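Here's the structure we're looking at; comments come further down.
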There are 2 protein chains.
Amino acid sequence: MLDYEIFDLGEVALQSGATLREAKLAYKTYGTLNADKSNVIVYPTWYSGQHYDNEWLIGEGMALDPEKYFIIIPNMFGNGLSSSPSNMPPPYDRARFPHVTFYDNVAAQHRLVTEKFGIEKIALVTGWSMGAGQTYQWGVSYPDMVERIFPFCGSAKTSLHNIVFLEGVKVAIQTDVAWQEGWYDKQPDKGLRAVGRVYAGWGLSQAFYREKLYLEMGYSSLEDFLVAFWEGFFLRKDANNLLAMLWTWQNGDIGKTPGFDGDFERALAAIKAKAVVMPGKTDLYFPPEDNEYEVKQMPDAEFQVIPSIWGHFAGGGINQTDTDFIDRSIKSLLAQ
Amino acid sequence: MLDYEIFDLGEVALQSGATLREAKLAYKTYGTLNADKSNVIVYPTWYSGQHYDNEWLIGEGMALDPEKYFIIIPNMFGNGLSSSPSNMPPPYDRARFPHVTFYDNVAAQHRLVTEKFGIEKIALVTGWSMGAGQTYQWGVSYPDMVERIFPFCGSAKTSLHNIVFLEGVKVAIQTDVAWQEGWYDKQPDKGLRAVGRVYAGWGLSQAFYREKLYLEMGYSSLEDFLVAFWEGFFLRKDANNLLAMLWTWQNGDIGKTPGFDGDFERALAAIKAKAVVMPGKTDLYFPPEDNEYEVKQMPDAEFQVIPSIWGHFAGGGINQTDTDFIDRSIKSLLAQ
């Protein structure tokens with residue numbers, strides 16, 4: 001018994017030229033769509049996250065209150081629930097899974113929102129990390145539909161440094177001979193564990209480790225944090241799924257939206273939604289500077305920084321202070 | 001014909017309990033020792049660097065002027081010239097090379113300086129990165145001998161975040177099946193290339209990539225920089241050597257000097273040398289905050305930050321502005 005729904009997309013022609021046939025969009029909704037369909041929030045997922053990993057930001061009394069809003073969490077392609085290397089039937093399965101962009105993801109989500117629910121306006125799109133990438137994409141792809149966006153700890157265009165960081169993640173999987181260019185029968189566990197160790201320094205800040213906040217999280221030592229949190233996290237994932245989503249991430253750029261001819265600044269300027277853009281102060285791969293630049297090109301955007309030493313995970317829902325900060329800001333945006 | 005000298009150390013008992021027999025210290029000197037032996041500068045090497053990689057900071061008219069100073073560059077154990085996994089005879093060769101600390105390195109360097117040259121005072125010890133680690137160690141191990149220290153882009157104790165970053169480097173080698181737990185007959189090239197990609201995001205700053213400074217360095221694209229600079233850099237190294245030096249780095253802590261019983265702050269306070277401690281503003285694994293803390297514990301230390309976007313490589317001698325900044329500061333320290 002699934003705790004989520006599947007929307008059958010049928011044929012999905014991707015920007016890359018491939019077509020996903022019998023494509024599936026997995027999603028979950030929270031709350032009730034009101035009569036005039038004016039209470040919709042779309043909240044896309046992040047790198048390897050699935051809808052339940054987003055639920056920390058939803059709750060009674062919170063900004064994303066299912067008593068007030070109809071919240072849709074669409075699962076990103078490649079995350080193992082929507083169409084992914086791990087669940088596609090041949091011939092587009094496993095290592096042959098095609099390249100998918102944020103644009104492709106949001107086009108599919110738009111079909112869910114309109115075809116399944118008949119929604120014409122979205123009060124808010126929000127998301128963390130790659131979810132932020134999809135949030136910007138919503139603002140560019142459907143500027144007259146999206147009233148507000150709140151991307152946090154992400155960017156509208158993946159920076160060169162971020163691309164380089166991800167090269168380290170990618171090569172950690174690919175160096176494991178068990179990966180077999182993606183044609184493995186068994187997960188390349190050594191490579192997945194290696195990803196955990198490579199990622200560990202990036203996901204959190206220098207100050208996070210200096211203050212040993214992993215102890216506060218319930219880990220008994222630094223090594224316990226590396227094994228139990230980081231290796232454990234990636235061991236639960238499928239290697240081809242990780243590589244597919246990594247391609248999506250590295251190639252994130254709203255300037256590649258059809259009609260913008262690669263013009264990133266023009267795409268930012270085309271976002272009509274009222275926006276709050278929120279980086280984490282110590283995020284090592286989505287540093288505030290990149291968002292600050294974006295906000296200057298956007299017509300109606302505000303720049304707010306999470307004053308946190310939790311690095312990228314300031315937006316990950318694992319500490320209450322940062323969660324409260326984000327929640328308050330979304331409440332304020334929704335009230336406008 | 002070697003362009004450097006070898007000092008035969010004979011038996012070297014290490015902190016770890018192992019003894020390196022027929023241990024060798026490779027070194028090179030620049031300039032002439034003056035009559036009263038008062039013009040000595042010691043300038044240790046960094047992670048995988050060899051003496052010639054240090055030469056950019058030496059030159060006529062520079063602070064490290066061989067017309068005025070007698071400059072000794074001792075090669076760190078594990079760097080392939082001094083005793084290392086790659087050149088030790090059995091049984092302490094290759095994967096069996098023992099753990100070596102900064103303390104061990106500096107004790108050997110002290111023997112070179114005193115036994116070979118009869119030197120009693122050192123005007124300056126300076127070094128980049130792991131060379132900075134050895135610089136602090138000189139100040140703690142031989143407080144009455146060292147008049148000045150100038151550690152740049154390094155630390156007296158390897159931070160927890162830095163240890164985690166290095167876990168990613170280590171696992172990149174170890175994930176390659178060709179590594180064979182260190183008993184390879186042929187270098188694990190895939191693993192060494194992987195180290196290059198993992199390291200690339202760490203060595204330079206977000207802003208370095210944002211500004212595409214790799215083009216200024218002569219690389220034709222981001223991918224060219226990753227292959228030609230980063231993969232090329234580590235492909236020239238021996239995997240066991242890298243792992244041996246990585247252990248030294250991860251375990252860097254002057255508090256582990258005999259007599260200090262692990263008390264880092266007391267070790268810092270025991271440094272009598274006049275010190276200038278110089279981090280790079282955007283160094284991702286030796287962030288200024290850690291040095292700022294150290295300087296507060298040191299009796300006669302000044303904190304100066306390189307205002308650079310070259311990340312850790314602000315101290316790597318690849319851009320003239322940062323080199324000039326470092327050189328000016330060393331000149332000023334030497335004049336005191």
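Order determines the names: the first chain of the structure tokens is A, the second B, and so forth; residues in each chain are numbered 1 upward, and ligands are numbered 1 upward as they are shown.
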Residues of range 242-317 of chain A that approach range 55-75 of chain A to 10 Å or less, counting only C-alpha atoms: could you list each one with the shortest pair of atoms and its distance in Å to one decimal, rows by chain and increasing residue number, as a tab-separated table?
residue	atom	partner	partner_atom	distance
A:Gly315	CA	A:Leu57	CA	9.7
A:Gly316	CA	A:Trp56	CA	8.7
A:Gly317	CA	A:Trp56	CA	6.0
Residue selection dump (N, CA and C atoms) as an mmCIF file, in the first residue's frame:
data_model
loop_
_atom_site.group_PDB
_atom_site.id
_atom_site.type_symbol
_atom_site.label_atom_id
_atom_site.label_comp_id
_atom_site.auth_asym_id
_atom_site.auth_seq_id
_atom_site.Cartn_x
_atom_site.Cartn_y
_atom_site.Cartn_z
ATOM 1 N N GLY A 315 18.846 24.454 5.632
ATOM 2 C CA GLY A 315 17.536 24.276 5.008
ATOM 3 C C GLY A 315 17.074 22.835 4.986
ATOM 4 N N GLY A 316 17.713 21.987 5.775
ATOM 5 C CA GLY A 316 17.416 20.558 5.714
ATOM 6 C C GLY A 316 16.463 20.058 6.786
ATOM 7 N N GLY A 317 16.021 20.971 7.643
ATOM 8 C CA GLY A 317 15.019 20.570 8.628
ATOM 9 C C GLY A 317 15.552 19.771 9.798
#
- [ ] May I ask you to extract the residues of chain A within 10 Å of chain B, using only C-alpha atoms, and to give them as a ChimeraX atom specification?
- [x] /A:159-178,189-202,204-212,222-223,226,284-287,289-290
Polymer residues at most 8 Å from Lys24 in chain A, only C-alpha atoms, same-chain spacing of 4 or more positions, as a JSON list (two decimals) with all heavy atoms, in the first residue's frame:
[["chain", "number", "residue", "atom", "x", "y", "z"],
["A", 6, "ILE", "N", 0.39, 8.14, -7.93],
["A", 6, "ILE", "CA", 1.14, 8.18, -9.18],
["A", 6, "ILE", "C", 0.28, 8.88, -10.24],
["A", 6, "ILE", "O", -0.89, 8.53, -10.42],
["A", 6, "ILE", "CB", 1.46, 6.75, -9.67],
["A", 6, "ILE", "CG1", 2.40, 6.03, -8.70],
["A", 6, "ILE", "CG2", 2.04, 6.78, -11.09],
["A", 6, "ILE", "CD1", 3.83, 6.51, -8.73],
["A", 7, "PHE", "N", 0.86, 9.86, -10.90],
["A", 7, "PHE", "CA", 0.20, 10.49, -12.04],
["A", 7, "PHE", "C", 0.87, 9.95, -13.31],
["A", 7, "PHE", "O", 2.08, 10.08, -13.48],
["A", 7, "PHE", "CB", 0.36, 12.01, -11.95],
["A", 7, "PHE", "CG", -0.30, 12.76, -13.08],
["A", 7, "PHE", "CD1", -1.68, 12.77, -13.22],
["A", 7, "PHE", "CD2", 0.46, 13.47, -14.01],
["A", 7, "PHE", "CE1", -2.30, 13.47, -14.26],
["A", 7, "PHE", "CE2", -0.14, 14.18, -15.05],
["A", 7, "PHE", "CZ", -1.53, 14.17, -15.18],
["A", 8, "ASP", "N", 0.05, 9.32, -14.16],
["A", 8, "ASP", "CA", 0.60, 8.75, -15.39],
["A", 8, "ASP", "C", 0.77, 9.84, -16.43],
["A", 8, "ASP", "O", -0.22, 10.40, -16.93],
["A", 8, "ASP", "CB", -0.33, 7.65, -15.92],
["A", 8, "ASP", "CG", -0.24, 6.39, -15.07],
["A", 8, "ASP", "OD1", 0.90, 5.94, -14.82],
["A", 8, "ASP", "OD2", -1.30, 5.89, -14.63],
["A", 9, "LEU", "N", 2.00, 10.12, -16.74],
["A", 9, "LEU", "CA", 2.30, 11.20, -17.69],
["A", 9, "LEU", "C", 2.23, 10.73, -19.13],
["A", 9, "LEU", "O", 2.17, 11.54, -20.05],
["A", 9, "LEU", "CB", 3.70, 11.76, -17.41],
["A", 9, "LEU", "CG", 3.88, 12.52, -16.10],
["A", 9, "LEU", "CD1", 5.37, 12.58, -15.72],
["A", 9, "LEU", "CD2", 3.32, 13.93, -16.20],
["A", 10, "GLY", "N", 2.28, 9.42, -19.34],
["A", 10, "GLY", "CA", 2.33, 8.93, -20.71],
["A", 10, "GLY", "C", 3.68, 9.27, -21.33],
["A", 10, "GLY", "O", 4.72, 9.08, -20.69],
["A", 82, "SER", "N", 9.30, 8.88, -8.72],
["A", 82, "SER", "CA", 8.96, 9.25, -10.09],
["A", 82, "SER", "C", 9.89, 8.48, -11.03],
["A", 82, "SER", "O", 10.82, 7.80, -10.58],
["A", 82, "SER", "CB", 9.09, 10.76, -10.28],
["A", 82, "SER", "OG", 8.08, 11.44, -9.55],
["A", 83, "SER", "N", 9.65, 8.57, -12.33],
["A", 83, "SER", "CA", 10.46, 7.80, -13.28],
["A", 83, "SER", "C", 11.95, 8.04, -13.03],
["A", 83, "SER", "O", 12.39, 9.19, -12.91],
["A", 83, "SER", "CB", 10.10, 8.18, -14.72],
["A", 83, "SER", "OG", 8.80, 7.71, -15.02]]
Do you know which residues are at most 12 Å from Asp238 in chain B counting only C-alpha atoms, after dropping those on the same chain fewer than 5 positions away, and could you put them as a JSON list (two decimals) with N, CA, C and O atoms, in the first residue's frame?
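Result written to around_20.json:
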[["chain", "number", "residue", "atom", "x", "y", "z"],
["B", 48, "SER", "N", 52.43, 16.60, -0.57],
["B", 48, "SER", "CA", 52.95, 16.05, -1.83],
["B", 48, "SER", "C", 53.92, 16.99, -2.53],
["B", 48, "SER", "O", 54.52, 16.61, -3.54],
["B", 78, "GLY", "N", 57.39, 11.09, 3.42],
["B", 78, "GLY", "CA", 56.23, 10.67, 2.64],
["B", 78, "GLY", "C", 56.11, 11.39, 1.30],
["B", 78, "GLY", "O", 55.26, 11.02, 0.49],
["B", 79, "ASN", "N", 56.95, 12.40, 1.06],
["B", 79, "ASN", "CA", 56.77, 13.18, -0.17],
["B", 79, "ASN", "C", 57.51, 12.59, -1.36],
["B", 79, "ASN", "O", 57.56, 13.19, -2.43],
["B", 80, "GLY", "N", 58.11, 11.42, -1.17],
["B", 80, "GLY", "CA", 58.74, 10.73, -2.29],
["B", 80, "GLY", "C", 60.23, 10.98, -2.40],
["B", 80, "GLY", "O", 60.93, 10.25, -3.10],
["B", 81, "LEU", "N", 60.76, 12.00, -1.71],
["B", 81, "LEU", "CA", 62.21, 12.27, -1.73],
["B", 81, "LEU", "C", 62.82, 11.89, -0.38],
["B", 81, "LEU", "O", 63.78, 11.13, -0.33],
["B", 84, "SER", "N", 59.83, 7.51, 2.42],
["B", 84, "SER", "CA", 58.43, 7.49, 1.98],
["B", 84, "SER", "C", 58.03, 6.05, 1.69],
["B", 84, "SER", "O", 58.90, 5.20, 1.46],
["B", 85, "PRO", "N", 56.74, 5.81, 1.64],
["B", 85, "PRO", "CA", 56.28, 4.48, 1.21],
["B", 85, "PRO", "C", 56.91, 4.05, -0.12],
["B", 85, "PRO", "O", 57.24, 2.88, -0.30],
["B", 86, "SER", "N", 57.10, 4.99, -1.02],
["B", 86, "SER", "CA", 57.57, 4.65, -2.36],
["B", 86, "SER", "C", 59.06, 4.36, -2.44],
["B", 86, "SER", "O", 59.52, 3.79, -3.42],
["B", 87, "ASN", "N", 59.84, 4.76, -1.41],
["B", 87, "ASN", "CA", 61.29, 4.55, -1.52],
["B", 87, "ASN", "C", 61.91, 3.81, -0.34],
["B", 87, "ASN", "O", 63.12, 3.56, -0.35],
["B", 94, "ARG", "N", 55.92, 0.68, 1.30],
["B", 94, "ARG", "CA", 54.57, 0.72, 0.73],
["B", 94, "ARG", "C", 53.45, 0.81, 1.79],
["B", 94, "ARG", "O", 53.47, 1.71, 2.61],
["B", 95, "ALA", "N", 52.53, -0.12, 1.79],
["B", 95, "ALA", "CA", 51.39, -0.01, 2.71],
["B", 95, "ALA", "C", 51.82, -0.13, 4.17],
["B", 95, "ALA", "O", 51.04, 0.19, 5.08],
["B", 173, "ILE", "N", 41.01, 7.45, -3.29],
["B", 173, "ILE", "CA", 42.05, 6.47, -3.63],
["B", 173, "ILE", "C", 41.59, 5.07, -3.27],
["B", 173, "ILE", "O", 41.68, 4.12, -4.06],
["B", 179, "TRP", "N", 43.97, -0.09, -6.10],
["B", 179, "TRP", "CA", 44.76, 0.32, -4.93],
["B", 179, "TRP", "C", 45.25, -0.90, -4.13],
["B", 179, "TRP", "O", 46.34, -0.90, -3.58],
["B", 182, "GLY", "N", 47.02, -0.89, -0.85],
["B", 182, "GLY", "CA", 48.37, -0.35, -0.86],
["B", 182, "GLY", "C", 49.42, -1.28, -1.46],
["B", 182, "GLY", "O", 50.57, -0.89, -1.63],
["B", 183, "TRP", "N", 49.02, -2.50, -1.81],
["B", 183, "TRP", "CA", 49.99, -3.47, -2.33],
["B", 183, "TRP", "C", 49.96, -3.55, -3.85],
["B", 183, "TRP", "O", 50.19, -4.60, -4.43],
["B", 184, "TYR", "N", 49.67, -2.44, -4.47],
["B", 184, "TYR", "CA", 49.62, -2.37, -5.94],
["B", 184, "TYR", "C", 51.03, -2.50, -6.53],
["B", 184, "TYR", "O", 52.02, -2.11, -5.93],
["B", 185, "ASP", "N", 51.06, -3.03, -7.78],
["B", 185, "ASP", "CA", 52.30, -3.01, -8.55],
["B", 185, "ASP", "C", 52.31, -1.81, -9.49],
["B", 185, "ASP", "O", 53.35, -1.37, -9.96],
["B", 186, "LYS", "N", 51.14, -1.33, -9.77],
["B", 186, "LYS", "CA", 50.96, -0.22, -10.70],
["B", 186, "LYS", "C", 50.07, 0.80, -9.99],
["B", 186, "LYS", "O", 49.15, 0.42, -9.26],
["B", 187, "GLN", "N", 50.35, 2.06, -10.15],
["B", 187, "GLN", "CA", 49.56, 3.09, -9.45],
["B", 187, "GLN", "C", 48.07, 2.95, -9.77],
["B", 187, "GLN", "O", 47.70, 2.67, -10.91],
["B", 188, "PRO", "N", 47.21, 3.16, -8.76],
["B", 188, "PRO", "CA", 45.76, 3.15, -8.99],
["B", 188, "PRO", "C", 45.32, 4.46, -9.66],
["B", 188, "PRO", "O", 44.83, 5.38, -9.00],
["B", 189, "ASP", "N", 45.49, 4.49, -10.98],
["B", 189, "ASP", "CA", 45.29, 5.75, -11.72],
["B", 189, "ASP", "C", 43.88, 6.31, -11.60],
["B", 189, "ASP", "O", 43.69, 7.52, -11.50],
["B", 191, "GLY", "N", 41.87, 6.03, -9.13],
["B", 191, "GLY", "CA", 41.76, 6.63, -7.80],
["B", 191, "GLY", "C", 42.51, 7.95, -7.71],
["B", 191, "GLY", "O", 42.03, 8.91, -7.09],
["B", 192, "LEU", "N", 43.67, 8.02, -8.34],
["B", 192, "LEU", "CA", 44.44, 9.27, -8.32],
["B", 192, "LEU", "C", 43.71, 10.37, -9.09],
["B", 192, "LEU", "O", 43.66, 11.53, -8.67],
["B", 193, "ARG", "N", 43.11, 9.99, -10.22],
["B", 193, "ARG", "CA", 42.32, 10.97, -10.96],
["B", 193, "ARG", "C", 41.11, 11.42, -10.13],
["B", 193, "ARG", "O", 40.74, 12.60, -10.12],
["B", 195, "VAL", "N", 40.95, 11.60, -6.92],
["B", 195, "VAL", "CA", 41.44, 12.56, -5.92],
["B", 195, "VAL", "C", 41.48, 13.95, -6.52],
["B", 195, "VAL", "O", 41.07, 14.94, -5.91],
["B", 233, "PHE", "N", 47.97, 16.62, -11.76],
["B", 233, "PHE", "CA", 48.73, 16.83, -10.52],
["B", 233, "PHE", "C", 48.85, 15.54, -9.71],
["B", 233, "PHE", "O", 49.94, 15.14, -9.31],
["B", 243, "LEU", "N", 48.66, 8.78, 0.94],
["B", 243, "LEU", "CA", 47.94, 8.32, 2.14],
["B", 243, "LEU", "C", 48.80, 8.50, 3.39],
["B", 243, "LEU", "O", 48.27, 8.82, 4.46],
["B", 244, "ALA", "N", 50.10, 8.33, 3.25],
["B", 244, "ALA", "CA", 50.98, 8.52, 4.41],
["B", 244, "ALA", "C", 50.97, 9.99, 4.85],
["B", 244, "ALA", "O", 50.83, 10.29, 6.04],
["B", 245, "MET", "N", 51.11, 10.89, 3.90],
["B", 245, "MET", "CA", 51.10, 12.32, 4.25],
["B", 245, "MET", "C", 49.72, 12.76, 4.75],
["B", 245, "MET", "O", 49.61, 13.63, 5.61]]
Those of range 61-140 of chain B in DSSP strand (DSSP E or B), formatted as a PDB file with all heavy atoms, in the first residue's frame:
ATOM      1  N   LEU B  64      62.794  35.986   1.074  1.00  0.00           N
ATOM      2  CA  LEU B  64      63.682  34.818   1.106  1.00  0.00           C
ATOM      3  C   LEU B  64      64.731  34.983   0.000  1.00  0.00           C
ATOM      4  O   LEU B  64      64.676  34.341  -1.055  1.00  0.00           O
ATOM      5  CB  LEU B  64      62.883  33.518   0.923  1.00  0.00           C
ATOM      6  CG  LEU B  64      62.309  32.906   2.209  1.00  0.00           C
ATOM      7  CD1 LEU B  64      61.387  33.845   2.947  1.00  0.00           C
ATOM      8  CD2 LEU B  64      61.590  31.601   1.929  1.00  0.00           C
ATOM      9  N   PHE B  70      70.502  31.918   4.280  1.00  0.00           N
ATOM     10  CA  PHE B  70      70.787  30.512   3.998  1.00  0.00           C
ATOM     11  C   PHE B  70      69.472  29.764   4.225  1.00  0.00           C
ATOM     12  O   PHE B  70      69.008  29.618   5.359  1.00  0.00           O
ATOM     13  CB  PHE B  70      71.875  29.998   4.945  1.00  0.00           C
ATOM     14  CG  PHE B  70      72.249  28.559   4.720  1.00  0.00           C
ATOM     15  CD1 PHE B  70      72.759  28.135   3.481  1.00  0.00           C
ATOM     16  CD2 PHE B  70      72.124  27.615   5.741  1.00  0.00           C
ATOM     17  CE1 PHE B  70      73.121  26.805   3.275  1.00  0.00           C
ATOM     18  CE2 PHE B  70      72.486  26.290   5.546  1.00  0.00           C
ATOM     19  CZ  PHE B  70      72.982  25.890   4.311  1.00  0.00           C
ATOM     20  N   ILE B  71      68.855  29.394   3.129  1.00  0.00           N
ATOM     21  CA  ILE B  71      67.505  28.831   3.175  1.00  0.00           C
ATOM     22  C   ILE B  71      67.579  27.318   3.006  1.00  0.00           C
ATOM     23  O   ILE B  71      68.168  26.822   2.031  1.00  0.00           O
ATOM     24  CB  ILE B  71      66.642  29.465   2.059  1.00  0.00           C
ATOM     25  CG1 ILE B  71      66.614  30.997   2.225  1.00  0.00           C
ATOM     26  CG2 ILE B  71      65.231  28.879   2.071  1.00  0.00           C
ATOM     27  CD1 ILE B  71      66.361  31.740   0.923  1.00  0.00           C
ATOM     28  N   ILE B  72      67.007  26.607   3.936  1.00  0.00           N
ATOM     29  CA  ILE B  72      67.002  25.140   3.884  1.00  0.00           C
ATOM     30  C   ILE B  72      65.570  24.676   3.642  1.00  0.00           C
ATOM     31  O   ILE B  72      64.674  25.003   4.419  1.00  0.00           O
ATOM     32  CB  ILE B  72      67.491  24.523   5.218  1.00  0.00           C
ATOM     33  CG1 ILE B  72      68.863  25.095   5.609  1.00  0.00           C
ATOM     34  CG2 ILE B  72      67.515  23.003   5.133  1.00  0.00           C
ATOM     35  CD1 ILE B  72      69.285  24.713   7.040  1.00  0.00           C
ATOM     36  N   ILE B  73      65.365  23.924   2.584  1.00  0.00           N
ATOM     37  CA  ILE B  73      64.060  23.291   2.380  1.00  0.00           C
ATOM     38  C   ILE B  73      64.205  21.800   2.655  1.00  0.00           C
ATOM     39  O   ILE B  73      64.795  21.064   1.865  1.00  0.00           O
ATOM     40  CB  ILE B  73      63.530  23.494   0.952  1.00  0.00           C
ATOM     41  CG1 ILE B  73      63.447  24.986   0.606  1.00  0.00           C
ATOM     42  CG2 ILE B  73      62.156  22.834   0.817  1.00  0.00           C
ATOM     43  CD1 ILE B  73      62.827  25.271  -0.753  1.00  0.00           C
ATOM     44  N   PRO B  74      63.659  21.356   3.792  1.00  0.00           N
ATOM     45  CA  PRO B  74      63.653  19.923   4.068  1.00  0.00           C
ATOM     46  C   PRO B  74      62.379  19.309   3.478  1.00  0.00           C
ATOM     47  O   PRO B  74      61.297  19.870   3.605  1.00  0.00           O
ATOM     48  CB  PRO B  74      63.620  19.866   5.601  1.00  0.00           C
ATOM     49  CG  PRO B  74      62.984  21.146   6.025  1.00  0.00           C
ATOM     50  CD  PRO B  74      63.142  22.148   4.918  1.00  0.00           C
ATOM     51  N   ILE B 122      67.596  29.907  14.468  1.00  0.00           N
ATOM     52  CA  ILE B 122      66.945  30.002  13.160  1.00  0.00           C
ATOM     53  C   ILE B 122      66.198  31.330  13.113  1.00  0.00           C
ATOM     54  O   ILE B 122      65.374  31.624  13.991  1.00  0.00           O
ATOM     55  CB  ILE B 122      65.969  28.825  12.954  1.00  0.00           C
ATOM     56  CG1 ILE B 122      66.748  27.499  12.982  1.00  0.00           C
ATOM     57  CG2 ILE B 122      65.210  28.971  11.638  1.00  0.00           C
ATOM     58  CD1 ILE B 122      65.871  26.266  12.902  1.00  0.00           C
ATOM     59  N   LEU B 124      64.055  32.332  10.903  1.00  0.00           N
ATOM     60  CA  LEU B 124      62.662  32.209  10.471  1.00  0.00           C
ATOM     61  C   LEU B 124      62.355  30.785  10.046  1.00  0.00           C
ATOM     62  O   LEU B 124      63.151  30.154   9.354  1.00  0.00           O
ATOM     63  CB  LEU B 124      62.408  33.144   9.269  1.00  0.00           C
ATOM     64  CG  LEU B 124      61.050  33.016   8.572  1.00  0.00           C
ATOM     65  CD1 LEU B 124      59.938  33.617   9.421  1.00  0.00           C
ATOM     66  CD2 LEU B 124      61.080  33.696   7.190  1.00  0.00           C
ATOM     67  N   VAL B 125      61.205  30.291  10.485  1.00  0.00           N
ATOM     68  CA  VAL B 125      60.632  29.096   9.867  1.00  0.00           C
ATOM     69  C   VAL B 125      59.332  29.525   9.210  1.00  0.00           C
ATOM     70  O   VAL B 125      58.534  30.256   9.817  1.00  0.00           O
ATOM     71  CB  VAL B 125      60.361  27.967  10.888  1.00  0.00           C
ATOM     72  CG1 VAL B 125      59.850  26.715  10.167  1.00  0.00           C
ATOM     73  CG2 VAL B 125      61.617  27.632  11.683  1.00  0.00           C
ATOM     74  N   THR B 126      59.151  29.104   7.975  1.00  0.00           N
ATOM     75  CA  THR B 126      57.923  29.445   7.268  1.00  0.00           C
ATOM     76  C   THR B 126      57.487  28.270   6.404  1.00  0.00           C
ATOM     77  O   THR B 126      58.307  27.410   6.042  1.00  0.00           O
ATOM     78  CB  THR B 126      58.106  30.710   6.403  1.00  0.00           C
ATOM     79  OG1 THR B 126      56.834  31.079   5.848  1.00  0.00           O
ATOM     80  CG2 THR B 126      59.099  30.489   5.261  1.00  0.00           C
ATOM     81  N   GLY B 127      56.186  28.224   6.109  1.00  0.00           N
ATOM     82  CA  GLY B 127      55.701  27.152   5.243  1.00  0.00           C
ATOM     83  C   GLY B 127      54.221  27.316   4.967  1.00  0.00           C
ATOM     84  O   GLY B 127      53.487  27.941   5.737  1.00  0.00           O
ATOM     85  N   TRP B 128      53.827  26.740   3.850  1.00  0.00           N
ATOM     86  CA  TRP B 128      52.440  26.786   3.371  1.00  0.00           C
ATOM     87  C   TRP B 128      51.747  25.479   3.734  1.00  0.00           C
ATOM     88  O   TRP B 128      52.317  24.401   3.576  1.00  0.00           O
ATOM     89  CB  TRP B 128      52.437  26.955   1.857  1.00  0.00           C
ATOM     90  CG  TRP B 128      51.093  26.960   1.183  1.00  0.00           C
ATOM     91  CD1 TRP B 128      50.005  27.707   1.530  1.00  0.00           C
ATOM     92  CD2 TRP B 128      50.693  26.194   0.033  1.00  0.00           C
ATOM     93  NE1 TRP B 128      48.958  27.454   0.666  1.00  0.00           N
ATOM     94  CE2 TRP B 128      49.355  26.527  -0.267  1.00  0.00           C
ATOM     95  CE3 TRP B 128      51.347  25.264  -0.778  1.00  0.00           C
ATOM     96  CZ2 TRP B 128      48.648  25.967  -1.333  1.00  0.00           C
ATOM     97  CZ3 TRP B 128      50.654  24.708  -1.845  1.00  0.00           C
ATOM     98  CH2 TRP B 128      49.311  25.057  -2.117  1.00  0.00           C
TER      99      TRP B 128
END
TODO: Check the smallest atom-to-atom distance from each of B:Lys274, B:Lys157, B:His110, B:Arg236 to Asn291 in chain B using only C-alpha atoms, then report the winner.
DONE: B:Lys157
Task: Near-Gly255 in chain B list (9 Å; only C-alpha atoms; drop same-chain fewer than 6 positions) as a list in words - done: Ala156, Lys157, Asp261, Gly262, Asp263, Phe264, Glu265, Arg266, Ala267 and Leu268 of chain B
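Picture a line from CA of Gln50 in chain A to CA of Ala228 in chain A; it runs 19.6 Å.
Counting only C-alpha atoms and comparing B:Asn240, B:Gln134, B:Asn54, B:Ser155, the residue that lies closest to Met88 in chain B is B:Asn240.
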